[in-house]
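Visitor: Here's a structure for you.
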Amino acid sequence: MAINMTTLESTLQTKFNAVTDPKEMLLLGKAYESTVGGISVTDIEKAAATGVTNVETARTDAVNTVSSSVNVGVTKIKHLMNTKFNGGSGGSYRSSFVIDADDKLCGWGCDNANQQANGRGLANQPGMHALAFRIEGGVRPGKMIQVEKTGGYSGMGLDDNGVVWAWGYNGHGQWGSGHTENREHGQKVNFPGGTVITRIAAGKGYQNDQSNQMLALDSAGNCWTWGYNGHGQCGRNGTSSNASTYTPQIVLTGVEKIYACNGAGAGHSGAIKTNGDAYLWGYNGYGNIGSGNTSNQTVPMLINGRGSIPSGANVVHLALKGHNHNYTVVTTSDGKIHMCGYNGHGQLNNGNTSQSNNFQLHQWFNGSSADRRVKIDTDKNKGFYGEDIGAYVWINQNNSQSSSMALSESNKLYFWGNNEYGISGYGNATNTNSGAAYHTHTAAIKSVAMGGYDAHNWAAMLKEDGTLLMSGYNGNYQACQDSWRSDTYRYTWREPSFPYGIQGNIAEIVVSGTTSESVLVLKTTDGTLWVSGYGGEMAQGTDRETTMGHLHRIEQN
């Protein structure tokens, strides 16, 4: 006998509260999903009695329908938020997202604009929990292989079926669904049937800003864009953000890598084709597109042959600095760096602090010796997500206090730009406004992540041997300095105060947050998740909204 929806939901809730067997709980979640058109309680009881025939399918169904009632999170993870191709930062505003050991998207922390995607309303989340998505047309999330987070409240995940899922703030069409409605759950991004996405990139910046553009690369080499387009970041539709840019469209073909940055809406985008040609488009107020002027670039522009970049150059990596003092770092296969844009603190390493609207050859990384060539690595499966690294170059998404680092062929790490709070690690907090590049450390380095905003600069260096060194601002114990010590900053690279067994076993790192309120997130080789730093809005994954002076493990909620 059929019952109405209200009665059914009440009955299901009573059953969920009484269930102790997780398998039965999952089946009840499956039954809950099929309430469209009505369903009898007897049918639910029969389903529960049948037994689980496909645990993974049942788990997915439950997560995507009743995640507010069912906790299926785990404490082991596979990947952190993406950081490799987007400036050395993981984006996010006091929230973090990971892919867990069961290949699901999970998150914790701030829940403004429903960025926790769990159906619980706007409630900050203290522990790792599975994100929930609306099921449309019978398509459910597959195994997640990449997770991207903007500098604001939006996020994207890519599954192994080539389907993109979005959640959080959608006021500029970041969901790629043709609308700007915010909802408690995420949903599938709308691509034409048969499109298989292989890589995603979200506009990142350390300021909490919602004006983000989204990029995706498909298996045919097409670059798709959607979202905010106020400065031409989408590479189409001029500088208008409307129904056109709220849905993905192709802007470039033959592409191999995609990049995006953001901040105060002043973001730009980039792509590298399989032949080594590179393209930039979007905000250009500081000459950061390298076009020779400061007019926004509303369609992709070829940068090979512009300024110091030879027309036949093979570009292997782009690093895009967003916010209000944008600049661009281009690395070519011969180990040379070419830069353009804002230069108020010597960010361009060209001997002065004047803005450059054209690409200029880096004074240090000019290719003349092993020490003056950037380390290049285009072997597949070397990056955190199975991509090639390209070049070992990282930039800070800070405001005018930004800086850059790059590793040479001889495994020497060089720093240039703003050095407030000693982010460089070379022993003081003196800025390098002269444009000089300083040798700051020698080691085989896997990754560098830089964080902070408005002078609260700090950095984490992950070495190939699985150990971590940290430098710079420590006011909220981001650098894992014990709480009883009073150092506000560290001028030199130092080992943090980690629990026994962490050093030497670190696999991935990411820095996220804003101003002084940022955190370090790391994954160990056994898949354990750890966090330190600012604690407000549950950014550390605990139910204490206070800063903690030590690294601690994130548990399921």
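A note on labels: chains of the structure tokens are A, B, ... as shown, every chain counts residues from 1, and ligands are counted from 1 in their shown order.
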Which residues are near A:Gly351? Cut-off 12 Å, only C-alpha atoms, ignore same chain within fewer than 4 positions. Put them as a ChimeraX atom specification.

Guide: /A:343-347,355-356,360-364,416-417,432-437

Visitor: Would you compute the distance between atom CA of A:Thr274 and atom CA of A:Ala201? Give it in Å to one decimal.

Guide: 17.6 Å

Visitor: Write out as a ChimeraX atom specification all residues of stretch 258-405 of chain A that backbone DSSP assigns to strand (DSSP E or B).

Guide: /A:258-261,268-273,278-282,297-302,315-321,327-332,337-341,356-361,374,376-377,390-391,393-395,403-405

Visitor: Env of A:Asn262: 6 Å cut, atoms = only C-alpha atoms, seq-sep filter 3 positions within chain, self excluded. Answer as a ChimeraX atom specification.

Guide: /A:203-205,266-267,322-323

Visitor: Can you pull out the residues contacting A:Gly107? Cut-off 6 Å, using only C-alpha atoms, and skip same-chain residues under 5 positions away; I want them as a PyMOL selection string.

Guide: chain A and resi 96-97+128-129

Visitor: Could you take the residues named above and write them with all heavy atoms, as a CSV table (one decimal), in the first residue's frame?

Guide:
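Final file, result-v7.csv:
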```
chain,number,residue,atom,x,y,z
A,96,SER,N,38.8,22.4,3.6
A,96,SER,CA,39.6,21.5,2.8
A,96,SER,C,38.9,20.3,2.3
A,96,SER,O,37.9,19.9,2.9
A,96,SER,CB,40.8,21.0,3.7
A,96,SER,OG,41.6,22.1,4.1
A,97,PHE,N,39.4,19.8,1.2
A,97,PHE,CA,38.7,18.6,0.5
A,97,PHE,C,39.8,17.6,0.1
A,97,PHE,O,40.9,18.0,-0.3
A,97,PHE,CB,37.9,19.1,-0.6
A,97,PHE,CG,36.8,20.0,-0.2
A,97,PHE,CD1,37.0,21.4,-0.1
A,97,PHE,CD2,35.5,19.5,0.2
A,97,PHE,CE1,36.0,22.2,0.3
A,97,PHE,CE2,34.5,20.4,0.6
A,97,PHE,CZ,34.7,21.7,0.7
A,128,MET,N,36.1,14.8,8.8
A,128,MET,CA,36.0,14.5,7.3
A,128,MET,C,34.6,13.8,7.1
A,128,MET,O,34.3,12.8,7.8
A,128,MET,CB,37.1,13.6,6.9
A,128,MET,CG,37.2,13.3,5.4
A,128,MET,SD,38.7,12.5,5.0
A,128,MET,CE,38.5,10.9,5.7
A,129,HIS,N,33.9,14.2,6.1
A,129,HIS,CA,32.6,13.7,5.8
A,129,HIS,C,32.5,13.6,4.2
A,129,HIS,O,33.1,14.3,3.5
A,129,HIS,CB,31.4,14.5,6.3
A,129,HIS,CG,31.3,15.8,5.6
A,129,HIS,ND1,30.5,16.0,4.5
A,129,HIS,CD2,32.0,17.0,5.9
A,129,HIS,CE1,30.7,17.3,4.1
A,129,HIS,NE2,31.5,17.9,4.9
```

Visitor: Nearest to A:Asn476: which of A:Ala278, A:Val329, A:Val519, A:Ala271 is it, counting only C-alpha atoms?

Guide: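 Closest to A:Asn476, using only C-alpha atoms: A:Val519.
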
Visitor: Using only C-alpha atoms, which of the listed residues (A:Thr150, A:Ser291, A:Tyr491, A:Phe384) sits closest to A:Glu420?

Guide: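 Looking only at the distances to A:Glu420, the closest residue turns out to be A:Tyr491.
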
Visitor: Which residues are near stretch 170-187 of chain A? Cut-off 7 Å, only C-alpha atoms, ignore same chain within fewer than 3 positions. Put them as a PyMOL selection string.

Guide: chain A and resi 114+117-119+121+132-134+165-167+190+211+213-214+226-228+243+246-248

Visitor: Could those residues be written to a file, using N, CA, C and O atoms, as a PDB file, in the first residue's frame?

Guide:
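Writing done, so here's out_8.pdb:
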```pdb
ATOM      1  N   ASN A 114      27.169  26.577   1.416  1.00  0.00           N
ATOM      2  CA  ASN A 114      26.996  25.131   1.274  1.00  0.00           C
ATOM      3  C   ASN A 114      28.194  24.450   0.627  1.00  0.00           C
ATOM      4  O   ASN A 114      28.047  23.465  -0.091  1.00  0.00           O
ATOM      5  N   ALA A 117      28.540  20.684   1.078  1.00  0.00           N
ATOM      6  CA  ALA A 117      27.708  19.824   0.220  1.00  0.00           C
ATOM      7  C   ALA A 117      27.233  18.566   0.941  1.00  0.00           C
ATOM      8  O   ALA A 117      27.382  17.449   0.431  1.00  0.00           O
ATOM      9  N   ASN A 118      26.632  18.746   2.106  1.00  0.00           N
ATOM     10  CA  ASN A 118      26.202  17.574   2.861  1.00  0.00           C
ATOM     11  C   ASN A 118      24.740  17.606   3.269  1.00  0.00           C
ATOM     12  O   ASN A 118      24.289  16.754   4.031  1.00  0.00           O
ATOM     13  N   GLY A 119      23.991  18.582   2.775  1.00  0.00           N
ATOM     14  CA  GLY A 119      22.575  18.624   3.061  1.00  0.00           C
ATOM     15  C   GLY A 119      22.215  19.038   4.468  1.00  0.00           C
ATOM     16  O   GLY A 119      21.063  18.921   4.874  1.00  0.00           O
ATOM     17  N   GLY A 121      22.603  22.114   5.721  1.00  0.00           N
ATOM     18  CA  GLY A 121      22.488  23.555   5.842  1.00  0.00           C
ATOM     19  C   GLY A 121      23.858  24.170   6.071  1.00  0.00           C
ATOM     20  O   GLY A 121      24.898  23.526   5.910  1.00  0.00           O
ATOM     21  N   ALA A 132      27.781  15.089  -0.848  1.00  0.00           N
ATOM     22  CA  ALA A 132      26.596  14.496  -1.465  1.00  0.00           C
ATOM     23  C   ALA A 132      26.238  15.255  -2.740  1.00  0.00           C
ATOM     24  O   ALA A 132      26.368  16.473  -2.802  1.00  0.00           O
ATOM     25  N   PHE A 133      25.753  14.528  -3.752  1.00  0.00           N
ATOM     26  CA  PHE A 133      25.433  15.113  -5.044  1.00  0.00           C
ATOM     27  C   PHE A 133      24.050  14.699  -5.499  1.00  0.00           C
ATOM     28  O   PHE A 133      23.590  13.591  -5.230  1.00  0.00           O
ATOM     29  N   ARG A 134      23.391  15.605  -6.207  1.00  0.00           N
ATOM     30  CA  ARG A 134      22.093  15.322  -6.794  1.00  0.00           C
ATOM     31  C   ARG A 134      22.269  14.327  -7.935  1.00  0.00           C
ATOM     32  O   ARG A 134      23.157  14.477  -8.774  1.00  0.00           O
ATOM     33  N   TRP A 165      31.990  16.979 -11.262  1.00  0.00           N
ATOM     34  CA  TRP A 165      30.980  17.279 -10.250  1.00  0.00           C
ATOM     35  C   TRP A 165      31.367  18.567  -9.548  1.00  0.00           C
ATOM     36  O   TRP A 165      32.528  18.771  -9.216  1.00  0.00           O
ATOM     37  N   ALA A 166      30.397  19.453  -9.332  1.00  0.00           N
ATOM     38  CA  ALA A 166      30.666  20.760  -8.724  1.00  0.00           C
ATOM     39  C   ALA A 166      29.777  20.964  -7.511  1.00  0.00           C
ATOM     40  O   ALA A 166      28.693  20.377  -7.404  1.00  0.00           O
ATOM     41  N   TRP A 167      30.235  21.822  -6.585  1.00  0.00           N
ATOM     42  CA  TRP A 167      29.453  22.096  -5.384  1.00  0.00           C
ATOM     43  C   TRP A 167      29.823  23.472  -4.834  1.00  0.00           C
ATOM     44  O   TRP A 167      30.785  24.097  -5.271  1.00  0.00           O
ATOM     45  N   ASN A 190      27.334  20.084 -16.752  1.00  0.00           N
ATOM     46  CA  ASN A 190      26.706  19.701 -18.014  1.00  0.00           C
ATOM     47  C   ASN A 190      27.656  19.840 -19.202  1.00  0.00           C
ATOM     48  O   ASN A 190      27.947  20.950 -19.652  1.00  0.00           O
ATOM     49  N   SER A 211      34.511  35.112  -7.454  1.00  0.00           N
ATOM     50  CA  SER A 211      34.487  35.350  -8.907  1.00  0.00           C
ATOM     51  C   SER A 211      35.462  34.412  -9.602  1.00  0.00           C
ATOM     52  O   SER A 211      36.507  34.821 -10.118  1.00  0.00           O
ATOM     53  N   GLN A 213      36.597  31.371 -12.350  1.00  0.00           N
ATOM     54  CA  GLN A 213      36.368  30.683 -13.605  1.00  0.00           C
ATOM     55  C   GLN A 213      36.812  29.227 -13.447  1.00  0.00           C
ATOM     56  O   GLN A 213      37.656  28.907 -12.625  1.00  0.00           O
ATOM     57  N   MET A 214      36.189  28.345 -14.236  1.00  0.00           N
ATOM     58  CA  MET A 214      36.482  26.918 -14.191  1.00  0.00           C
ATOM     59  C   MET A 214      36.950  26.458 -15.566  1.00  0.00           C
ATOM     60  O   MET A 214      36.436  26.917 -16.591  1.00  0.00           O
ATOM     61  N   TRP A 226      33.994  27.852 -18.153  1.00  0.00           N
ATOM     62  CA  TRP A 226      32.689  28.360 -17.701  1.00  0.00           C
ATOM     63  C   TRP A 226      32.897  29.099 -16.379  1.00  0.00           C
ATOM     64  O   TRP A 226      33.967  29.058 -15.780  1.00  0.00           O
ATOM     65  N   GLY A 227      31.852  29.803 -15.919  1.00  0.00           N
ATOM     66  CA  GLY A 227      31.921  30.520 -14.646  1.00  0.00           C
ATOM     67  C   GLY A 227      32.041  32.021 -14.817  1.00  0.00           C
ATOM     68  O   GLY A 227      31.485  32.599 -15.754  1.00  0.00           O
ATOM     69  N   TYR A 228      32.787  32.665 -13.915  1.00  0.00           N
ATOM     70  CA  TYR A 228      32.921  34.120 -13.934  1.00  0.00           C
ATOM     71  C   TYR A 228      33.785  34.562 -15.111  1.00  0.00           C
ATOM     72  O   TYR A 228      34.828  33.965 -15.410  1.00  0.00           O
ATOM     73  N   ALA A 243      24.132  33.631 -19.010  1.00  0.00           N
ATOM     74  CA  ALA A 243      23.753  32.247 -19.294  1.00  0.00           C
ATOM     75  C   ALA A 243      24.740  31.556 -20.233  1.00  0.00           C
ATOM     76  O   ALA A 243      24.928  30.337 -20.157  1.00  0.00           O
ATOM     77  N   TYR A 246      27.673  30.385 -18.153  1.00  0.00           N
ATOM     78  CA  TYR A 246      27.288  29.480 -17.074  1.00  0.00           C
ATOM     79  C   TYR A 246      27.264  28.029 -17.535  1.00  0.00           C
ATOM     80  O   TYR A 246      26.963  27.132 -16.748  1.00  0.00           O
ATOM     81  N   THR A 247      27.552  27.794 -18.816  1.00  0.00           N
ATOM     82  CA  THR A 247      27.598  26.448 -19.383  1.00  0.00           C
ATOM     83  C   THR A 247      28.938  26.256 -20.081  1.00  0.00           C
ATOM     84  O   THR A 247      29.414  27.163 -20.772  1.00  0.00           O
ATOM     85  N   PRO A 248      29.596  25.104 -19.921  1.00  0.00           N
ATOM     86  CA  PRO A 248      30.904  24.883 -20.556  1.00  0.00           C
ATOM     87  C   PRO A 248      30.861  24.985 -22.073  1.00  0.00           C
ATOM     88  O   PRO A 248      29.926  24.502 -22.712  1.00  0.00           O
TER      89      PRO A 248
END
```

Visitor: I need the residue nearest A:Thr467 from this list: A:Thr332, A:Gln540, A:Asn396, A:Gln503. Use only C-alpha atoms for the distance.

Guide: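 Once distances to A:Thr467 are computed over only C-alpha atoms, the minimum belongs to A:Gln503.
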
Visitor: Name the residues in contact with A:Ser518 at a cut-off of 8 Å, using only C-alpha atoms, excluding same-chain residues fewer than 4 positions from it; report them as a list in words.

Guide: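 Final neighbour list, sorted by chain and number: Arg94, Gly451, Gly452, Asn476, Gln478, Val511, Ser512, Gly513, Thr514, Gly533 and Tyr534 of chain A.
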
Visitor: Which residue out of A:Lys446, A:Gln297, A:Tyr500, A:Arg306 has the minimum interatomic distance to A:Lys382 when only C-alpha atoms are used?

Guide: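 Residue with the minimum atom-to-atom distance to A:Lys382: A:Lys446.
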
Visitor: One decimal, Å: what's the distance from atom CA of A:Asn398 over to atom CA of A:Val531, could you say?

Guide: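 Interatomic distance, atom CA of A:Asn398 to atom CA of A:Val531: 21.1 Å.
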
Visitor: Could you check the closest approach to A:Thr442 for each of A:Leu469, A:Ala459, A:Ile502, A:Leu302 and tell me which residue wins, using only C-alpha atoms?

Guide: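 Of all the options, A:Leu469 lies closest to A:Thr442.
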
Visitor: For the atom pair atom CA of A:Ser269 and atom CA of A:Gln233, what is the interatomic distance in Å to one decimal place?

Guide: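 It comes out at 5.9 Å.
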
Visitor: Counting only C-alpha atoms, which residue out of A:Cys223, A:Ile303, A:Met470, A:Ala406 sits closest to A:Gly290?

Guide: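 Result for the nearest residue to A:Gly290: A:Ile303.
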